[in-house]
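Structure file upload27.pdb; described as PDB, C-alpha atoms.
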```pdb
ATOM      1  CA  MET A   1      77.277 103.385  79.284
ATOM      2  CA  ARG A   2      77.792 102.275  82.892
ATOM      3  CA  ILE A   3      80.170 104.475  84.893
ATOM      4  CA  ALA A   4      81.118 103.799  88.510
ATOM      5  CA  VAL A   5      82.129 106.767  90.677
ATOM      6  CA  TYR A   6      84.656 106.344  93.477
ATOM      7  CA  GLY A   7      85.924 108.776  96.102
ATOM      8  CA  ARG A   8      86.730 109.269  99.751
ATOM      9  CA  GLN A   9      84.596 111.200 102.206
ATOM     10  CA  PHE A  10      85.049 114.928 101.606
ATOM     11  CA  ASN A  11      85.349 117.360 104.516
ATOM     12  CA  ASP A  12      85.771 120.495 102.411
ATOM     13  CA  PRO A  13      82.400 121.924 101.260
ATOM     14  CA  VAL A  14      84.183 123.750  98.440
ATOM     15  CA  VAL A  15      84.253 120.551  96.365
ATOM     16  CA  VAL A  16      80.493 119.915  96.564
ATOM     17  CA  PRO A  17      79.545 122.098  93.538
ATOM     18  CA  TYR A  18      82.164 120.316  91.422
ATOM     19  CA  ILE A  19      80.872 116.891  92.448
ATOM     20  CA  GLN A  20      77.342 118.047  91.693
ATOM     21  CA  GLN A  21      78.616 119.144  88.277
ATOM     22  CA  VAL A  22      80.074 115.676  87.663
ATOM     23  CA  PHE A  23      76.793 113.931  88.432
ATOM     24  CA  ASP A  24      74.743 116.474  86.469
ATOM     25  CA  ASN A  25      76.924 115.886  83.420
ATOM     26  CA  LEU A  26      76.647 112.113  83.727
ATOM     27  CA  VAL A  27      72.857 112.384  83.924
ATOM     28  CA  GLN A  28      72.776 114.766  80.970
ATOM     29  CA  HIS A  29      74.622 112.208  78.821
ATOM     30  CA  GLY A  30      72.310 109.376  79.825
ATOM     31  CA  VAL A  31      74.931 107.471  81.779
ATOM     32  CA  GLU A  32      73.899 104.634  84.092
ATOM     33  CA  ILE A  33      75.578 105.734  87.336
ATOM     34  CA  TYR A  34      76.941 103.449  90.047
ATOM     35  CA  VAL A  35      78.410 104.904  93.244
ATOM     36  CA  HIS A  36      80.955 103.005  95.303
ATOM     37  CA  PRO A  37      79.684 102.294  98.873
ATOM     38  CA  GLN A  38      82.516 104.381 100.341
ATOM     39  CA  LEU A  39      81.114 107.496  98.624
ATOM     40  CA  HIS A  40      77.411 106.653  98.894
ATOM     41  CA  ASP A  41      76.675 108.427 102.216
ATOM     42  CA  PHE A  42      78.351 111.625 101.049
ATOM     43  CA  VAL A  43      76.463 111.666  97.743
ATOM     44  CA  GLN A  44      73.172 110.908  99.457
ATOM     45  CA  GLU A  45      73.600 113.830 101.870
ATOM     46  CA  ASN A  46      75.151 116.438  99.555
ATOM     47  CA  ILE A  47      74.204 115.817  95.933
ATOM     48  CA  LYS A  48      70.726 116.694  94.654
ATOM     49  CA  THR A  49      68.340 115.125  92.132
ATOM     50  CA  VAL A  50      70.580 112.320  90.941
ATOM     51  CA  LYS A  51      69.422 108.785  90.319
ATOM     52  CA  TYR A  52      72.112 106.143  90.826
ATOM     53  CA  SER A  53      72.693 102.630  92.127
ATOM     54  CA  VAL A  54      75.106 101.619  94.866
ATOM     55  CA  LEU A  55      77.884  99.490  93.412
ATOM     56  CA  ASP A  56      78.222  95.958  94.740
ATOM     57  CA  ASN A  57      82.004  95.871  94.779
ATOM     58  CA  THR A  58      82.007  92.266  95.968
ATOM     59  CA  ALA A  59      80.434  91.164  92.678
ATOM     60  CA  GLN A  60      82.216  90.582  89.390
ATOM     61  CA  LEU A  61      82.929  94.050  87.954
ATOM     62  CA  LYS A  62      84.525  92.967  84.686
ATOM     63  CA  ASN A  63      82.113  93.311  81.744
ATOM     64  CA  PHE A  64      79.628  95.050  84.064
ATOM     65  CA  VAL A  65      81.148  98.515  84.582
ATOM     66  CA  ASP A  66      82.506 100.279  81.501
ATOM     67  CA  LEU A  67      84.837 102.587  83.401
ATOM     68  CA  PHE A  68      85.596 104.066  86.808
ATOM     69  CA  LEU A  69      85.660 107.776  87.566
ATOM     70  CA  THR A  70      87.562 108.841  90.677
ATOM     71  CA  LEU A  71      86.933 112.079  92.568
ATOM     72  CA  GLY A  72      89.932 113.307  94.532
ATOM     73  CA  GLY A  73      93.672 113.300  94.005
ATOM     74  CA  ASP A  74      96.276 110.723  93.107
ATOM     75  CA  GLY A  75      95.829 108.994  96.466
ATOM     76  CA  THR A  76      92.165 108.359  95.685
ATOM     77  CA  LEU A  77      93.049 106.820  92.344
ATOM     78  CA  LEU A  78      95.692 104.643  93.990
ATOM     79  CA  ASP A  79      93.051 103.395  96.444
ATOM     80  CA  MET A  80      90.856 102.607  93.454
ATOM     81  CA  VAL A  81      93.443 100.135  92.151
ATOM     82  CA  THR A  82      92.502  97.633  94.874
ATOM     83  CA  VAL A  83      88.890  97.761  93.658
ATOM     84  CA  ILE A  84      89.678  97.449  89.939
ATOM     85  CA  ARG A  85      92.437  94.871  90.493
ATOM     86  CA  ASP A  86      93.027  92.773  87.358
ATOM     87  CA  SER A  87      89.620  93.467  85.772
ATOM     88  CA  GLY A  88      91.097  95.740  83.094
ATOM     89  CA  ILE A  89      88.344  98.328  83.659
ATOM     90  CA  PRO A  90      89.734 101.716  82.578
ATOM     91  CA  VAL A  91      89.843 104.575  85.068
ATOM     92  CA  ILE A  92      90.001 108.358  84.832
ATOM     93  CA  GLY A  93      90.498 110.752  87.739
ATOM     94  CA  ILE A  94      89.181 114.261  88.356
ATOM     95  CA  ASN A  95      91.680 116.081  90.518
ATOM     96  CA  PHE A  96      90.431 117.789  93.680
ATOM     97  CA  GLY A  97      93.857 117.427  95.280
ATOM     98  CA  ARG A  98      97.176 119.124  94.645
ATOM     99  CA  LEU A  99      99.581 117.889  91.945
ATOM    100  CA  GLY A 100      97.511 115.227  90.185
ATOM    101  CA  PHE A 101      99.789 113.186  87.913
ATOM    102  CA  LEU A 102      97.339 110.259  87.792
ATOM    103  CA  ALA A 103      94.088 112.118  88.431
ATOM    104  CA  SER A 104      94.928 114.526  85.643
ATOM    105  CA  ILE A 105      91.553 116.167  84.879
ATOM    106  CA  ASN A 106      91.355 119.650  86.340
ATOM    107  CA  LYS A 107      88.093 120.383  88.161
ATOM    108  CA  ASN A 108      87.562 123.317  85.819
ATOM    109  CA  ASP A 109      87.499 120.936  82.837
ATOM    110  CA  ILE A 110      84.775 118.598  84.100
ATOM    111  CA  ASP A 111      82.233 119.287  81.316
ATOM    112  CA  ALA A 112      84.706 118.751  78.474
ATOM    113  CA  ALA A 113      86.243 115.666  80.103
ATOM    114  CA  ILE A 114      82.938 113.868  80.647
ATOM    115  CA  TYR A 115      81.818 114.729  77.122
ATOM    116  CA  ALA A 116      85.047 113.197  75.773
ATOM    117  CA  VAL A 117      84.675 110.084  77.920
ATOM    118  CA  VAL A 118      81.065 109.456  76.985
ATOM    119  CA  ASN A 119      81.877 109.941  73.295
ATOM    120  CA  LYS A 120      84.965 107.710  73.606
ATOM    121  CA  GLN A 121      87.380 110.435  72.583
ATOM    122  CA  PHE A 122      90.276 108.926  74.485
ATOM    123  CA  SER A 123      93.037 106.337  74.350
ATOM    124  CA  ILE A 124      94.119 103.732  76.907
ATOM    125  CA  ASP A 125      97.411 104.237  78.705
ATOM    126  CA  SER A 126      98.334 100.813  80.110
ATOM    127  CA  ARG A 127     100.543 100.944  83.221
ATOM    128  CA  GLU A 128     102.651  98.224  84.847
ATOM    129  CA  LEU A 129     102.290  97.381  88.548
ATOM    130  CA  LEU A 130     104.610  95.786  91.094
ATOM    131  CA  CYS A 131     103.760  93.091  93.603
ATOM    132  CA  ILE A 132     105.417  92.171  96.896
ATOM    133  CA  ASP A 133     105.605  88.664  98.368
ATOM    134  CA  SER A 134     106.887  87.286 101.644
ATOM    135  CA  GLU A 135     106.413  84.212 103.806
ATOM    136  CA  GLN A 136     103.872  86.201 105.824
ATOM    137  CA  GLU A 137     101.230  87.760 103.542
ATOM    138  CA  ILE A 138     101.274  91.227 105.043
ATOM    139  CA  PHE A 139      98.919  92.794 102.464
ATOM    140  CA  GLY A 140      96.802  89.742 101.692
ATOM    141  CA  ARG A 141      95.403  89.895  98.154
ATOM    142  CA  ASP A 142      96.207  93.629  97.903
ATOM    143  CA  ASN A 143      99.945  93.072  97.577
ATOM    144  CA  PHE A 144     100.355  95.169  94.413
ATOM    145  CA  ALA A 145     101.254  98.805  93.788
ATOM    146  CA  LEU A 146     100.853 101.194  90.879
ATOM    147  CA  ASN A 147     103.325 103.787  92.206
ATOM    148  CA  ASP A 148     105.804 102.198  94.566
ATOM    149  CA  ILE A 149     106.663  99.716  97.270
ATOM    150  CA  THR A 150     108.776 101.133 100.089
ATOM    151  CA  ILE A 151     110.736  99.831 103.059
ATOM    152  CA  HIS A 152     111.160 102.523 105.689
ATOM    153  CA  LYS A 153     112.300 102.987 109.264
ATOM    154  CA  ARG A 154     109.881 104.063 111.972
ATOM    155  CA  ASP A 155     109.876 107.774 112.848
ATOM    156  CA  ASP A 156     111.447 107.157 116.240
ATOM    157  CA  ALA A 157     113.927 104.498 115.089
ATOM    158  CA  ALA A 158     117.566 104.521 114.035
ATOM    159  CA  MET A 159     118.465 103.995 110.389
ATOM    160  CA  ILE A 160     117.933 100.574 108.870
ATOM    161  CA  THR A 161     120.156  98.429 106.672
ATOM    162  CA  THR A 162     118.539  96.925 103.593
ATOM    163  CA  HIS A 163     120.397  94.140 101.800
ATOM    164  CA  VAL A 164     119.254  93.991  98.175
ATOM    165  CA  PHE A 165     119.534  91.089  95.745
ATOM    166  CA  LEU A 166     118.909  91.399  92.018
ATOM    167  CA  ASP A 167     117.876  88.193  90.253
ATOM    168  CA  GLN A 168     119.412  86.198  93.142
ATOM    169  CA  GLU A 169     122.734  88.061  92.957
ATOM    170  CA  PHE A 170     123.786  90.425  95.760
ATOM    171  CA  LEU A 171     123.452  94.045  94.611
ATOM    172  CA  ASN A 172     124.222  96.267  97.606
ATOM    173  CA  SER A 173     123.509  97.020 101.260
ATOM    174  CA  TYR A 174     121.836 100.369 101.867
ATOM    175  CA  TRP A 175     122.129 102.194 105.197
ATOM    176  CA  GLY A 176     119.610 104.983 105.677
ATOM    177  CA  ASP A 177     115.920 105.708 106.155
ATOM    178  CA  GLY A 178     114.890 103.051 103.663
ATOM    179  CA  ILE A 179     114.485 102.265 100.000
ATOM    180  CA  ILE A 180     111.835 102.919  97.323
ATOM    181  CA  ILE A 181     111.019 100.459  94.560
ATOM    182  CA  SER A 182     109.127 102.483  91.999
ATOM    183  CA  THR A 183     107.308 101.726  88.781
ATOM    184  CA  SER A 184     107.793 104.101  85.876
ATOM    185  CA  THR A 185     104.381 105.544  86.812
ATOM    186  CA  GLY A 186     105.578 106.148  90.376
ATOM    187  CA  SER A 187     108.828 107.743  89.248
ATOM    188  CA  THR A 188     107.142 111.158  89.541
ATOM    189  CA  ALA A 189     105.975 110.450  93.106
ATOM    190  CA  TYR A 190     107.979 109.555  96.251
ATOM    191  CA  SER A 191     111.013 108.444  94.248
ATOM    192  CA  LEU A 192     111.275 111.823  92.517
ATOM    193  CA  SER A 193     111.253 113.659  95.862
ATOM    194  CA  CYS A 194     114.215 111.496  96.962
ATOM    195  CA  GLY A 195     116.271 112.294  93.864
ATOM    196  CA  GLY A 196     115.068 109.534  91.549
ATOM    197  CA  PRO A 197     114.772 110.031  87.777
ATOM    198  CA  ILE A 198     111.596 110.595  85.765
ATOM    199  CA  ILE A 199     110.878 107.458  83.739
ATOM    200  CA  PHE A 200     108.461 107.400  80.819
ATOM    201  CA  PRO A 201     105.628 104.891  81.357
ATOM    202  CA  GLU A 202     106.434 102.900  78.208
ATOM    203  CA  SER A 203     110.111 102.452  79.140
ATOM    204  CA  ASN A 204     109.541  99.043  80.825
ATOM    205  CA  SER A 205     111.676 100.014  83.805
ATOM    206  CA  ILE A 206     111.593 100.153  87.577
ATOM    207  CA  VAL A 207     113.672 102.425  89.804
ATOM    208  CA  LEU A 208     115.484 101.555  93.016
ATOM    209  CA  THR A 209     115.875 104.807  94.983
ATOM    210  CA  PRO A 210     117.583 104.976  98.405
ATOM    211  CA  ASN A 211     115.925 107.279 100.942
ATOM    212  CA  ALA A 212     118.406 109.477 102.846
ATOM    213  CA  PRO A 213     121.300 107.029 102.352
ATOM    214  CA  HIS A 214     124.142 107.135 104.867
ATOM    215  CA  ASN A 215     126.541 105.703 102.280
ATOM    216  CA  LEU A 216     126.731 108.765 100.050
ATOM    217  CA  ASN A 217     128.230 107.000  97.021
ATOM    218  CA  VAL A 218     124.968 105.176  96.201
ATOM    219  CA  ARG A 219     122.567 106.535  93.604
ATOM    220  CA  PRO A 220     119.172 105.555  92.191
ATOM    221  CA  ILE A 221     119.335 102.648  89.752
ATOM    222  CA  VAL A 222     117.091 102.066  86.749
ATOM    223  CA  LEU A 223     116.386  98.365  86.193
ATOM    224  CA  PRO A 224     114.419  96.395  83.601
ATOM    225  CA  ASP A 225     110.940  95.575  84.872
ATOM    226  CA  THR A 226     111.654  91.882  84.352
ATOM    227  CA  SER A 227     113.956  92.043  87.403
ATOM    228  CA  ILE A 228     113.183  90.087  90.544
ATOM    229  CA  LEU A 229     114.359  91.911  93.659
ATOM    230  CA  ALA A 230     114.763  90.502  97.172
ATOM    231  CA  PHE A 231     115.233  92.513 100.384
ATOM    232  CA  ASP A 232     116.540  91.555 103.822
ATOM    233  CA  VAL A 233     116.191  94.274 106.460
ATOM    234  CA  GLU A 234     118.274  94.814 109.594
ATOM    235  CA  CYS A 235     117.350  97.325 112.298
ATOM    236  CA  ARG A 236     118.159  97.694 115.972
ATOM    237  CA  SER A 237     114.541  97.692 117.088
ATOM    238  CA  ASN A 238     113.479  95.012 114.585
ATOM    239  CA  ASN A 239     110.536  97.272 113.865
ATOM    240  CA  TYR A 240     110.093  98.960 110.480
ATOM    241  CA  LEU A 241     107.478  99.810 107.847
ATOM    242  CA  VAL A 242     106.631  98.299 104.492
ATOM    243  CA  SER A 243     104.187 100.127 102.241
ATOM    244  CA  CYS A 244     102.367  99.234  99.073
ATOM    245  CA  ASP A 245     101.187 102.554  97.616
ATOM    246  CA  SER A 246      99.044 103.998 100.447
ATOM    247  CA  ARG A 247      98.781 100.748 102.451
ATOM    248  CA  THR A 248     101.334 100.384 105.240
ATOM    249  CA  ALA A 249     102.237  97.488 107.536
ATOM    250  CA  ILE A 250     104.465  97.452 110.629
ATOM    251  CA  ILE A 251     106.960  94.578 110.523
ATOM    252  CA  ASP A 252     108.302  93.336 113.856
ATOM    253  CA  LYS A 253     110.506  90.432 112.777
ATOM    254  CA  THR A 254     113.183  89.531 110.265
ATOM    255  CA  MET A 255     111.628  88.707 106.932
ATOM    256  CA  ARG A 256     112.664  88.480 103.285
ATOM    257  CA  PHE A 257     110.586  90.364 100.734
ATOM    258  CA  GLN A 258     110.482  89.733  97.022
ATOM    259  CA  VAL A 259     109.342  92.404  94.571
ATOM    260  CA  SER A 260     108.590  91.762  90.921
ATOM    261  CA  LYS A 261     106.287  92.861  88.147
ATOM    262  CA  ALA A 262     102.628  92.088  88.786
ATOM    263  CA  GLY A 263     100.791  89.851  86.370
ATOM    264  CA  PHE A 264      98.392  92.565  85.186
ATOM    265  CA  ARG A 265      98.251  96.246  84.234
ATOM    266  CA  LEU A 266      96.052  99.214  85.072
ATOM    267  CA  ASN A 267      94.320 100.968  82.178
ATOM    268  CA  LEU A 268      94.356 104.738  82.581
ATOM    269  CA  ILE A 269      92.188 106.849  80.287
ATOM    270  CA  ARG A 270      94.079 109.576  78.465
ATOM    271  CA  LEU A 271      91.943 112.156  76.667
ATOM    272  CA  ASN A 272      92.857 112.977  73.085
ATOM    273  CA  ASN A 273      94.031 116.471  74.034
ATOM    274  CA  GLU A 274      96.464 115.087  76.635
ATOM    275  CA  SER A 275      99.938 113.574  76.455
ATOM    276  CA  TYR A 276     102.481 112.459  79.019
ATOM    277  CA  LEU A 277     104.732 115.357  78.018
ATOM    278  CA  SER A 278     101.951 117.901  78.465
ATOM    279  CA  THR A 279     101.227 116.442  81.915
ATOM    280  CA  LEU A 280     104.897 116.768  82.893
ATOM    281  CA  ARG A 281     105.060 120.360  81.676
ATOM    282  CA  ASN A 282     101.839 121.376  83.409
ATOM    283  CA  LYS A 283     102.405 119.595  86.717
ATOM    284  CA  LEU A 284     106.106 120.428  87.076
ATOM    285  CA  LEU A 285     105.671 123.977  85.713
ATOM    286  CA  TRP A 286     108.258 123.457  83.017
ATOM    287  CA  GLY A 287     108.634 126.335  80.585
ATOM    288  CA  LEU A 288     107.518 129.000  83.048
ATOM    289  CA  ASP A 289     110.994 130.458  83.398
ATOM    290  CA  VAL A 290     110.812 134.200  82.615
ATOM    291  CA  ARG A 291     113.622 133.706  80.069
ATOM    292  CA  ASN A 292     111.130 131.879  77.827
ATOM    293  CA  TYR A 293     109.102 135.049  77.337
TER     294      TYR A 293
END
```
Mind converting the file's structure to structure tokens?
Amino acid sequence: MRIAVYGRQFNDPVVVPYIQQVFDNLVQHGVEIYVHPQLHDFVQENIKTVKYSVLDNTAQLKNFVDLFLTLGGDGTLLDMVTVIRDSGIPVIGINFGRLGFLASINKNDIDAAIYAVVNKQFSIDSRELLCIDSEQEIFGRDNFALNDITIHKRDDAAMITTHVFLDQEFLNSYWGDGIIISTSTGSTAYSLSCGGPIIFPESNSIVLTPNAPHNLNVRPIVLPDTSILAFDVECRSNNYLVSCDSRTAIIDKTMRFQVSKAGFRLNLIRLNNESYLSTLRNKLLWGLDVRNY
């Protein structure tokens, strides 16, 4: 089995033993290890007695790598999406961060998780993505998002007005800090913190969530993921932000954006002892009310 390992540079030495444990387990199971160039220097300096190859991420990855393993939090896995793209290569994340909805493997469960992966004791959880288009390609080929696409005012700017069109029909104008267009996967991320609903991944929906709306009668809207949304933005400074997951661009002119479902999915690995409900309960601490005991 060929497994590629991806991660950011780590500044906290506390994680080094866990990363060493990951590599030791991969070696123990006879895995052919490939390390993404972004992580190579860190592994070379901090991880002992491990034989691996540096991944050529400019080459064709499909049918070469069996799966990707990310080390970090949800942000690391979101970064990984631009490497995997439409290859269909499944990915699993070991969580060294905080909440970890996507990178769901706890660092204390590394041995069991790698054993399950190597022995193919898992299922594939296929997730929809969104893409954003405009006359100026602000994100180039990386114009897709697993969690959300957002339009947001600058920190030092007044509120912005976002005119939204649904399937070419005017929907509403939103005054406020901005608007979040979330996949069902991203419904537990930024959208949730702004009052959006939790959407099950298989619900084939996207969520339109206003961020700090000045018109208080507006609420998040759940839409079918076949919807095509268009956005025109007004702001006094003509200077605002558009983000695609963790990638952000500063926009300094009037522009129309179109958001729709991307033409491919991301395959997340879900171990056989996991479920979406168990992830919700564990991450959101449901059931820990003292009245349950």
Worksheet entry | 10 Å contact set for Thr70 (chain A), only C-alpha atoms, chain neighbours under 4 positions out, as a ChimeraX atom specification | /A:4-8,36,74,76-80,91-96,103
### Query
Contacts of Gln9 (chain A) at 7 Å or less, counting all atoms listed in the file, minus same-chain residues fewer than 2 places along, as a PyMOL selection string?
chain A and resi 7+11+39+42
Q. Can you list what the PyMOL selection byres ((chain A and resi 88) around 10) grabs from this structure, as a ChimeraX atom specification?
A. /A:61-63,66-67,84-87,89-91,126,264-268
Residue contacts of Ile228 (chain A) (7 Å, all atoms listed in the file) excluding same-chain residues fewer than 5 positions away, as a list of chain:residue names
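Non-adjacent residues within range: A:Leu166, A:Asp167, A:Val259, A:Ser260.
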Output the selection as an mmCIF file, in the frame of the given file - C-alpha atoms for each residue.
```
data_model
loop_
_atom_site.group_PDB
_atom_site.id
_atom_site.type_symbol
_atom_site.label_atom_id
_atom_site.label_comp_id
_atom_site.auth_asym_id
_atom_site.auth_seq_id
_atom_site.Cartn_x
_atom_site.Cartn_y
_atom_site.Cartn_z
ATOM 1 C CA LEU A 166 118.909 91.399 92.018
ATOM 2 C CA ASP A 167 117.876 88.193 90.253
ATOM 3 C CA VAL A 259 109.342 92.404 94.571
ATOM 4 C CA SER A 260 108.590 91.762 90.921
#
```
Which residues fall under the PyMOL selection byres ((chain A and resi 15) around 12) in this file, as a list in words?
->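 Applying the expression gives Gly7, Gln9, Phe10, Asn11, Asp12, Pro13, Val14, Val16, Pro17, Tyr18, Ile19, Gln20, Gln21, Val22, Phe42, Val43, Asn46, Ile47, Leu71, Gly72, Ile94, Asn95, Phe96, Gly97, Lys107 and Asn108 of chain A.
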| Residues within 9 Å of (122.1, 106.1, 91.3), counting all atoms listed in the file, listed as a PyMOL selection string | chain A and resi 195-196+208-210+217-222
Dump N, CA and C atoms of region 65-91 of chain A from the given block, as a PDB file, in the first residue's frame.
```pdb
ATOM      1  N   VAL A  65      -0.973   6.941  -5.632  1.00  0.00           N
ATOM      2  CA  VAL A  65      -1.120   6.935  -4.173  1.00  0.00           C
ATOM      3  C   VAL A  65      -2.455   6.301  -3.821  1.00  0.00           C
ATOM      4  N   ASP A  66      -2.447   5.405  -2.843  1.00  0.00           N
ATOM      5  CA  ASP A  66      -3.682   4.739  -2.425  1.00  0.00           C
ATOM      6  C   ASP A  66      -4.535   5.629  -1.532  1.00  0.00           C
ATOM      7  N   LEU A  67      -3.879   6.375  -0.645  1.00  0.00           N
ATOM      8  CA  LEU A  67      -4.623   7.303   0.205  1.00  0.00           C
ATOM      9  C   LEU A  67      -3.679   8.342   0.789  1.00  0.00           C
ATOM     10  N   PHE A  68      -4.262   9.437   1.247  1.00  0.00           N
ATOM     11  CA  PHE A  68      -3.518  10.499   1.918  1.00  0.00           C
ATOM     12  C   PHE A  68      -3.841  10.480   3.405  1.00  0.00           C
ATOM     13  N   LEU A  69      -2.819  10.727   4.197  1.00  0.00           N
ATOM     14  CA  LEU A  69      -2.946  10.844   5.645  1.00  0.00           C
ATOM     15  C   LEU A  69      -2.500  12.248   6.023  1.00  0.00           C
ATOM     16  N   THR A  70      -3.382  13.024   6.658  1.00  0.00           N
ATOM     17  CA  THR A  70      -3.008  14.372   7.053  1.00  0.00           C
ATOM     18  C   THR A  70      -2.711  14.424   8.540  1.00  0.00           C
ATOM     19  N   LEU A  71      -1.716  15.216   8.905  1.00  0.00           N
ATOM     20  CA  LEU A  71      -1.314  15.415  10.293  1.00  0.00           C
ATOM     21  C   LEU A  71      -1.584  16.867  10.649  1.00  0.00           C
ATOM     22  N   GLY A  72      -2.519  17.088  11.559  1.00  0.00           N
ATOM     23  CA  GLY A  72      -2.879  18.455  11.924  1.00  0.00           C
ATOM     24  C   GLY A  72      -4.350  18.514  12.284  1.00  0.00           C
ATOM     25  N   GLY A  73      -4.965  19.647  12.015  1.00  0.00           N
ATOM     26  CA  GLY A  73      -6.391  19.797  12.289  1.00  0.00           C
ATOM     27  C   GLY A  73      -7.195  19.842  11.009  1.00  0.00           C
ATOM     28  N   ASP A  74      -8.406  20.393  11.128  1.00  0.00           N
ATOM     29  CA  ASP A  74      -9.273  20.509   9.962  1.00  0.00           C
ATOM     30  C   ASP A  74      -8.672  21.419   8.897  1.00  0.00           C
ATOM     31  N   GLY A  75      -7.981  22.472   9.320  1.00  0.00           N
ATOM     32  CA  GLY A  75      -7.364  23.383   8.359  1.00  0.00           C
ATOM     33  C   GLY A  75      -6.341  22.685   7.484  1.00  0.00           C
ATOM     34  N   THR A  76      -5.588  21.764   8.074  1.00  0.00           N
ATOM     35  CA  THR A  76      -4.602  20.997   7.302  1.00  0.00           C
ATOM     36  C   THR A  76      -5.290  20.133   6.267  1.00  0.00           C
ATOM     37  N   LEU A  77      -6.396  19.494   6.659  1.00  0.00           N
ATOM     38  CA  LEU A  77      -7.109  18.655   5.708  1.00  0.00           C
ATOM     39  C   LEU A  77      -7.728  19.496   4.598  1.00  0.00           C
ATOM     40  N   LEU A  78      -8.206  20.671   4.932  1.00  0.00           N
ATOM     41  CA  LEU A  78      -8.755  21.565   3.904  1.00  0.00           C
ATOM     42  C   LEU A  78      -7.674  21.983   2.913  1.00  0.00           C
ATOM     43  N   ASP A  79      -6.465  22.255   3.403  1.00  0.00           N
ATOM     44  CA  ASP A  79      -5.346  22.548   2.501  1.00  0.00           C
ATOM     45  C   ASP A  79      -5.076  21.369   1.567  1.00  0.00           C
ATOM     46  N   MET A  80      -5.231  20.170   2.098  1.00  0.00           N
ATOM     47  CA  MET A  80      -4.951  18.959   1.344  1.00  0.00           C
ATOM     48  C   MET A  80      -5.852  18.816   0.127  1.00  0.00           C
ATOM     49  N   VAL A  81      -7.041  19.415   0.194  1.00  0.00           N
ATOM     50  CA  VAL A  81      -8.009  19.300  -0.899  1.00  0.00           C
ATOM     51  C   VAL A  81      -7.433  19.836  -2.204  1.00  0.00           C
ATOM     52  N   THR A  82      -6.611  20.884  -2.128  1.00  0.00           N
ATOM     53  CA  THR A  82      -6.035  21.453  -3.354  1.00  0.00           C
ATOM     54  C   THR A  82      -4.948  20.559  -3.939  1.00  0.00           C
ATOM     55  N   VAL A  83      -4.452  19.616  -3.153  1.00  0.00           N
ATOM     56  CA  VAL A  83      -3.477  18.643  -3.668  1.00  0.00           C
ATOM     57  C   VAL A  83      -4.210  17.455  -4.283  1.00  0.00           C
ATOM     58  N   ILE A  84      -5.229  16.960  -3.589  1.00  0.00           N
ATOM     59  CA  ILE A  84      -6.000  15.810  -4.072  1.00  0.00           C
ATOM     60  C   ILE A  84      -6.833  16.188  -5.298  1.00  0.00           C
ATOM     61  N   ARG A  85      -7.463  17.348  -5.234  1.00  0.00           N
ATOM     62  CA  ARG A  85      -8.308  17.862  -6.314  1.00  0.00           C
ATOM     63  C   ARG A  85      -9.364  16.827  -6.710  1.00  0.00           C
ATOM     64  N   ASP A  86      -9.464  16.527  -7.997  1.00  0.00           N
ATOM     65  CA  ASP A  86     -10.498  15.610  -8.485  1.00  0.00           C
ATOM     66  C   ASP A  86      -9.969  14.197  -8.698  1.00  0.00           C
ATOM     67  N   SER A  87      -8.875  13.839  -8.033  1.00  0.00           N
ATOM     68  CA  SER A  87      -8.259  12.523  -8.233  1.00  0.00           C
ATOM     69  C   SER A  87      -9.070  11.393  -7.615  1.00  0.00           C
ATOM     70  N   GLY A  88      -9.916  11.716  -6.628  1.00  0.00           N
ATOM     71  CA  GLY A  88     -10.693  10.688  -5.947  1.00  0.00           C
ATOM     72  C   GLY A  88      -9.919   9.929  -4.889  1.00  0.00           C
ATOM     73  N   ILE A  89      -8.651  10.304  -4.649  1.00  0.00           N
ATOM     74  CA  ILE A  89      -7.843   9.613  -3.641  1.00  0.00           C
ATOM     75  C   ILE A  89      -8.456   9.862  -2.255  1.00  0.00           C
ATOM     76  N   PRO A  90      -8.742   8.818  -1.507  1.00  0.00           N
ATOM     77  CA  PRO A  90      -9.345   9.024  -0.180  1.00  0.00           C
ATOM     78  C   PRO A  90      -8.344   9.620   0.807  1.00  0.00           C
ATOM     79  N   VAL A  91      -8.873  10.303   1.810  1.00  0.00           N
ATOM     80  CA  VAL A  91      -8.027  10.980   2.790  1.00  0.00           C
ATOM     81  C   VAL A  91      -8.571  10.742   4.192  1.00  0.00           C
TER      82      VAL A  91
END
```
